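Structure file data21.txt with compact mmCIF, C-alpha atoms:
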```
# COMPACT_ATOMS: atom_id res chain seq x y z
CA MET F 1 32.83 67.24 -29.80
CA ILE F 2 34.58 64.31 -31.51
CA VAL F 3 37.99 65.88 -30.76
CA LEU F 4 37.09 66.26 -27.08
CA VAL F 5 36.08 62.60 -26.82
CA ALA F 6 39.33 61.55 -28.52
CA VAL F 7 41.39 63.61 -26.07
CA GLN F 8 39.55 62.08 -23.12
CA MET F 9 40.21 58.59 -24.45
CA VAL F 10 43.95 59.36 -24.77
CA VAL F 11 44.03 60.67 -21.20
CA VAL F 12 42.26 57.55 -19.92
CA VAL F 13 44.74 55.29 -21.73
CA LEU F 14 47.73 57.20 -20.31
CA LEU F 15 46.30 57.00 -16.77
CA ALA F 16 45.75 53.27 -17.19
CA LEU F 17 49.37 52.79 -18.24
CA LEU F 18 50.57 54.86 -15.27
CA VAL F 19 48.52 52.83 -12.79
CA ALA F 20 49.75 49.56 -14.32
CA GLY F 21 53.35 50.72 -13.94
CA LEU F 22 52.83 51.69 -10.32
CA LEU F 23 51.20 48.33 -9.55
CA ARG F 24 54.07 46.45 -11.20
CA SER F 25 56.63 48.45 -9.23
CA HIS F 26 54.78 47.82 -5.98
CA ALA F 27 54.58 44.09 -6.73
CA GLU F 28 58.35 43.97 -7.40
CA ILE F 29 59.07 45.63 -4.05
CA LEU F 30 56.86 43.13 -2.24
CA ARG F 31 58.51 40.24 -4.08
CA ARG F 32 61.97 41.33 -2.99
CA LEU F 33 60.87 41.76 0.61
CA ASP F 34 59.26 38.33 0.67
CA GLY F 35 62.00 36.59 -1.29
CA GLY F 36 64.96 37.79 0.74
CA GLU F 37 66.49 39.74 -2.13
CA ALA F 38 67.45 42.75 -0.02
CA PRO F 39 70.86 44.21 -0.92
CA ALA F 40 73.81 43.33 1.31
CA ARG F 41 74.83 45.87 3.92
CA ARG F 42 78.23 46.54 5.32
CA PRO F 43 78.21 45.89 9.10
CA ASP F 44 77.78 49.02 11.19
CA ALA F 45 80.71 47.84 13.32
CA LEU F 46 83.31 45.14 13.26
CA PRO F 47 82.95 42.29 15.75
CA ALA F 48 84.51 42.79 19.17
CA PRO F 49 88.23 42.00 19.55
CA ARG F 50 89.19 38.43 20.36
CA ARG F 51 89.82 37.75 24.03
CA ARG F 52 92.63 35.34 23.17
CA ARG F 53 94.80 34.84 20.14
CA THR F 54 93.09 32.02 18.29
CA ARG F 55 95.11 29.63 16.16
CA ALA F 56 95.11 30.57 12.48
CA PRO F 57 93.69 27.78 10.30
CA ASP F 58 95.35 26.76 7.03
CA ILE F 59 93.81 28.23 3.87
CA LEU F 60 92.61 25.66 1.34
CA GLY F 61 91.63 26.86 -2.11
CA THR F 62 92.77 27.19 -5.70
CA SER F 63 95.21 29.31 -7.63
CA LEU F 64 94.24 31.53 -10.56
CA ASP F 65 95.16 28.61 -12.80
CA GLY F 66 92.72 26.32 -10.99
CA ASP F 67 95.35 24.28 -9.15
CA SER F 68 94.69 23.18 -5.56
CA VAL F 69 96.56 25.31 -3.02
CA VAL F 70 97.15 25.02 0.73
CA VAL F 71 98.68 27.99 2.57
CA ALA F 72 99.87 27.67 6.17
CA PRO F 73 99.87 31.30 7.43
CA ALA F 74 102.56 30.53 10.01
CA GLY F 75 104.50 28.03 7.91
CA GLY F 76 108.18 27.90 8.80
CA GLY F 77 107.62 30.27 11.71
CA GLN F 78 107.23 33.28 9.40
CA SER F 79 104.43 35.73 10.14
CA SER F 80 101.81 36.48 7.48
CA LEU F 81 99.43 39.32 6.71
CA LEU F 82 96.31 37.94 5.04
CA ALA F 83 94.62 40.46 2.74
CA PHE F 84 90.99 39.54 2.06
CA LEU F 85 90.12 41.40 -1.14
CA SER F 86 87.71 41.38 -4.06
CA SER F 87 88.01 42.40 -7.69
CA GLY F 88 84.72 44.29 -7.43
CA CYS F 89 84.95 46.51 -4.32
CA SER F 90 85.91 50.15 -4.91
CA THR F 91 88.10 50.45 -1.80
CA CYS F 92 90.03 47.30 -2.77
CA GLN F 93 91.27 48.99 -5.94
CA GLY F 94 93.56 51.23 -3.91
CA PHE F 95 95.14 48.16 -2.30
CA TRP F 96 95.59 46.37 -5.63
CA ASP F 97 97.42 49.46 -6.90
CA ALA F 98 99.53 49.67 -3.73
CA PHE F 99 100.61 46.03 -4.12
CA ASP F 100 102.44 46.78 -7.35
CA PRO F 101 106.08 45.75 -6.69
CA SER F 102 107.38 49.11 -7.88
CA VAL F 103 105.57 51.03 -5.11
CA ARG F 104 104.69 48.42 -2.48
CA GLN F 105 105.76 49.05 1.11
CA PRO F 106 107.01 45.87 2.80
CA VAL F 107 105.03 44.39 5.68
CA PRO F 108 106.76 45.11 9.02
CA GLY F 109 108.33 42.20 10.87
CA ASP F 110 109.41 40.51 7.62
CA ALA F 111 105.89 39.10 7.29
CA ARG F 112 104.76 37.77 3.95
CA LEU F 113 101.66 39.18 2.26
CA VAL F 114 99.06 36.62 1.18
CA LEU F 115 96.07 37.64 -0.97
CA VAL F 116 92.79 35.81 -0.35
CA THR F 117 89.67 36.13 -2.50
CA ARG F 118 86.46 34.15 -2.75
CA ASP F 119 86.03 31.18 -5.09
CA SER F 120 85.77 31.53 -8.87
CA SER F 121 81.97 31.25 -8.55
CA GLN F 122 82.06 34.72 -6.95
CA GLU F 123 85.19 36.20 -8.50
CA SER F 124 86.62 36.51 -12.00
CA PRO F 125 90.02 34.79 -12.30
CA SER F 126 90.80 36.78 -15.46
CA LYS F 127 90.10 40.09 -13.67
CA LEU F 128 92.15 39.00 -10.65
CA ARG F 129 95.01 38.08 -12.97
CA GLU F 130 95.05 41.70 -14.14
CA LEU F 131 94.97 43.08 -10.58
CA ALA F 132 97.21 40.75 -8.56
CA PRO F 133 101.02 41.07 -8.73
CA ALA F 134 102.71 37.89 -9.95
CA ASP F 135 105.15 37.87 -7.03
CA LEU F 136 102.44 37.56 -4.33
CA PRO F 137 100.61 34.33 -3.46
CA LEU F 138 96.87 34.48 -4.17
CA VAL F 139 94.38 31.88 -2.97
CA MET F 140 90.75 31.73 -4.07
CA SER F 141 88.97 30.29 -1.04
CA SER F 142 85.46 31.15 0.13
CA PRO F 143 85.82 28.81 3.18
CA ALA F 144 88.73 30.94 4.40
CA TRP F 145 86.37 33.92 4.73
CA SER F 146 84.22 31.85 7.08
CA ASP F 147 87.18 30.37 8.95
CA TYR F 148 88.56 33.85 9.68
CA GLN F 149 85.11 35.41 10.18
CA VAL F 150 85.75 38.17 7.64
CA PRO F 151 82.91 40.73 8.02
CA LEU F 152 83.67 43.05 5.06
CA THR F 153 86.03 43.82 2.21
CA PRO F 154 88.86 44.77 2.34
CA TYR F 155 89.91 43.08 5.58
CA PHE F 156 93.31 42.15 7.01
CA VAL F 157 94.44 39.47 9.47
CA PHE F 158 97.95 39.38 10.93
CA VAL F 159 99.17 35.90 11.91
CA ASP F 160 102.14 35.63 14.27
CA GLY F 161 104.64 33.13 12.88
CA PRO F 162 106.25 31.81 16.09
CA THR F 163 102.88 31.09 17.76
CA GLY F 164 100.73 30.43 14.69
CA ARG F 165 97.95 32.56 16.16
CA VAL F 166 95.94 35.58 14.99
CA ALA F 167 97.67 38.61 16.50
CA GLY F 168 95.56 41.36 14.93
CA GLU F 169 92.79 41.99 12.44
CA GLY F 170 90.70 44.78 11.02
CA ALA F 171 90.14 47.21 8.17
CA ALA F 172 91.63 50.49 6.98
CA GLU F 173 91.37 52.90 4.08
CA ALA F 174 94.80 52.52 2.52
CA TRP F 175 97.88 50.28 2.51
CA PRO F 176 100.19 52.76 4.32
CA GLN F 177 97.63 52.80 7.15
CA ILE F 178 97.79 49.00 7.46
CA VAL F 179 101.60 49.06 7.44
CA SER F 180 101.62 51.68 10.21
CA LEU F 181 99.14 49.75 12.35
CA VAL F 182 101.03 46.46 11.98
CA ARG F 183 104.27 48.21 12.90
CA ASP F 184 102.66 49.67 16.03
CA ALA F 185 101.18 46.28 16.95
CA LEU F 186 104.57 44.60 16.75
CA ALA F 187 106.12 47.37 18.84
CA ASP F 188 103.39 46.92 21.47
CA ASP F 189 104.07 43.18 21.63
CA GLN F 190 107.79 43.75 22.08
CA MET F 191 106.99 46.04 25.01
CA GLY F 192 104.89 43.29 26.62
CA ALA F 193 101.56 45.06 26.15
CA THR F 194 98.63 43.40 27.89
CA PRO F 195 95.38 42.49 26.10
CA ARG F 196 92.58 45.00 26.30
CA SER F 197 89.05 44.17 27.29
CA ASN F 198 86.53 42.67 24.89
CA GLY F 199 84.56 45.89 24.45
CA ALA F 200 82.84 47.34 21.42
CA ALA F 201 85.12 47.75 18.43
CA SER F 202 85.41 50.70 16.11
CA SER F 203 84.10 50.14 12.61
CA LEU F 204 87.54 50.88 11.18
CA ALA F 205 90.01 49.99 13.92
CA PHE F 206 92.78 47.50 13.24
CA ARG F 207 92.32 45.44 16.38
CA THR F 208 95.20 43.71 18.17
CA ASN F 209 95.95 42.63 21.71
CA GLY F 210 97.80 45.88 22.41
CA PRO F 211 96.16 48.67 24.47
CA ASP F 212 94.53 51.72 22.87
CA ARG F 213 94.86 50.29 19.36
CA GLY F 214 91.31 51.17 18.36
CA ARG F 215 91.52 54.74 19.66
CA ARG F 216 94.81 55.44 17.91
CA ALA F 217 93.52 54.00 14.64
CA ASP F 218 90.32 56.03 14.86
CA ASP F 219 92.33 59.21 15.52
CA GLU F 220 94.49 58.62 12.45
CA LEU F 221 91.52 57.88 10.23
CA SER F 222 89.56 60.86 11.54
CA ALA F 223 92.52 63.12 10.78
CA ALA F 224 92.35 61.86 7.20
CA GLY F 225 88.63 62.63 7.03
CA ILE F 226 87.62 58.95 7.03
CA GLY F 227 84.94 57.57 9.35
CA PRO F 228 81.95 55.22 9.43
CA GLY F 229 79.78 55.83 6.37
CA HIS F 230 82.66 57.20 4.25
CA PRO F 231 81.68 56.72 0.55
CA SER F 232 84.99 55.01 -0.32
CA LEU F 233 84.08 52.06 1.92
CA TYR F 234 81.16 51.04 -0.27
CA ALA F 235 80.65 49.73 -3.75
CA PRO F 236 78.87 52.09 -6.16
CA GLY F 237 75.14 52.11 -5.56
CA ASP F 238 75.37 50.44 -2.12
CA PRO F 239 72.33 51.67 -0.14
CA ALA F 240 74.35 51.50 3.07
CA ALA F 241 76.66 54.31 1.86
CA GLY F 242 76.43 57.39 3.99
CA SER F 243 74.92 55.60 7.00
CA PRO F 244 76.97 55.87 10.24
```

Written form, structure tokens:
Amino acid sequence: MIVLVAVQMVVVVLLALLVAGLLRSHAEILRRLDGGEAPARRPDALPAPRRRRTRAPDILGTSLDGDSVVVAPAGGGQSSLLAFLSSGCSTCQGFWDAFDPSVRQPVPGDARLVLVTRDSSQESPSKLRELAPADLPLVMSSPAWSDYQVPLTPYFVFVDGPTGRVAGEGAAEAWPQIVSLVRDALADDQMGATPRSNGAASSLAFRTNGPDRGRRADDELSAAGIGPGHPSLYAPGDPAAGSP
């Protein structure tokens, strides 16, 4: 009889601990919902293409050494490709590797490549120093992400040197894809392509003022097995992974 009572007491204690754990977990969920601590999601789609080529603002920030830096994307009339990257995103790692001088493909149109990250409060300068090639300019500037309305990482903005305006922008899976899309965009401009309408944009299309850019980009990415919700577009553990 004494053994039976002891067993019942142990069972009651275990049940009490289980209930306490469930209540604590439920309280934590409610706290996050009320406190706005929901994890960040990648946008389901990029914003619609620009109707007109907007002027590209200068980028004000700091170097990896903490020095103040100002980059004029169209300085001297040379075009620039702005690469908005992070040291923490999984997809960005492929671009950091591709930027190594020994394997890097040049940007078409003799455009310079400029790397842009967020401020040191959100990035690790020491980690970026390991990732970024010494021959490429890198600016740490959170305001630049707002100025250029960057919706996700990695993201690329092509600035036309002669006009100083944004000629194309968007995202892709790999550096060769960006090079190909920029090359096509420049070819379209040389042919006098007219701007397309401001319709819905693909979630992966590199968007320029040339016609059919989004469809061609989607076709290339689909052929490579890459589409909205592809795991490589998300950081590990991102709850948005796998959603279309």

re atom CA of Gln190 of chain F and atom CA of Gly109 of chain F: distance 11.3 Å

### Message
Using all atoms listed in the file, which protein or nucleic acid residues come within 10 Å of Phe95 of chain F? Drop anything in the same chain fewer than 5 positions from it, and give the result as a PyMOL selection string.
### Response
chain F and resi 83+85+90+100+104+131-132+154+173-176

Within 10 Å of Asp147 of chain F using all atoms listed in the file, minus same-chain residues under 5 positions, as a count of residues only: 5

Using only C-alpha atoms, the residue out of F:Thr117, F:Thr62, F:Gln122, F:Ser79 with shortest distance to Val150 of chain F is F:Thr117

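Of the residues listed (F:Lys127, F:Arg183, F:Arg118, F:Arg165), F:Arg118 shows the shortest atom-to-atom separation from Ala144 of chain F; distances use all atoms listed in the file.
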
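Atom CA of Glu130 of chain F is found 18.1 Å from atom CA of Asp67 of chain F.
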
Correct to one decimal, the distance atom CA of Asp110 of chain F-atom CA of Asp65 of chain F is 27.6 Å

Gly61 of chain F: which residues within 8 Å, counting all atoms listed in the file, same-chain residues fewer than 5 positions away excluded, as an MDAnalysis selection string?
chainID F and resid 68:70 119 139:142

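Among the candidates F:Asp188, F:Asp97, F:Glu169, F:Asp135, the residue lying nearest to Phe156 of chain F is F:Glu169 (atoms considered: all atoms listed in the file).
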
Residue with the minimum atom-to-atom distance to Leu128 of chain F, picked from F:Thr163, F:Ser102, F:Gln93, F:Gln149 with only C-alpha atoms counted, is F:Gln93
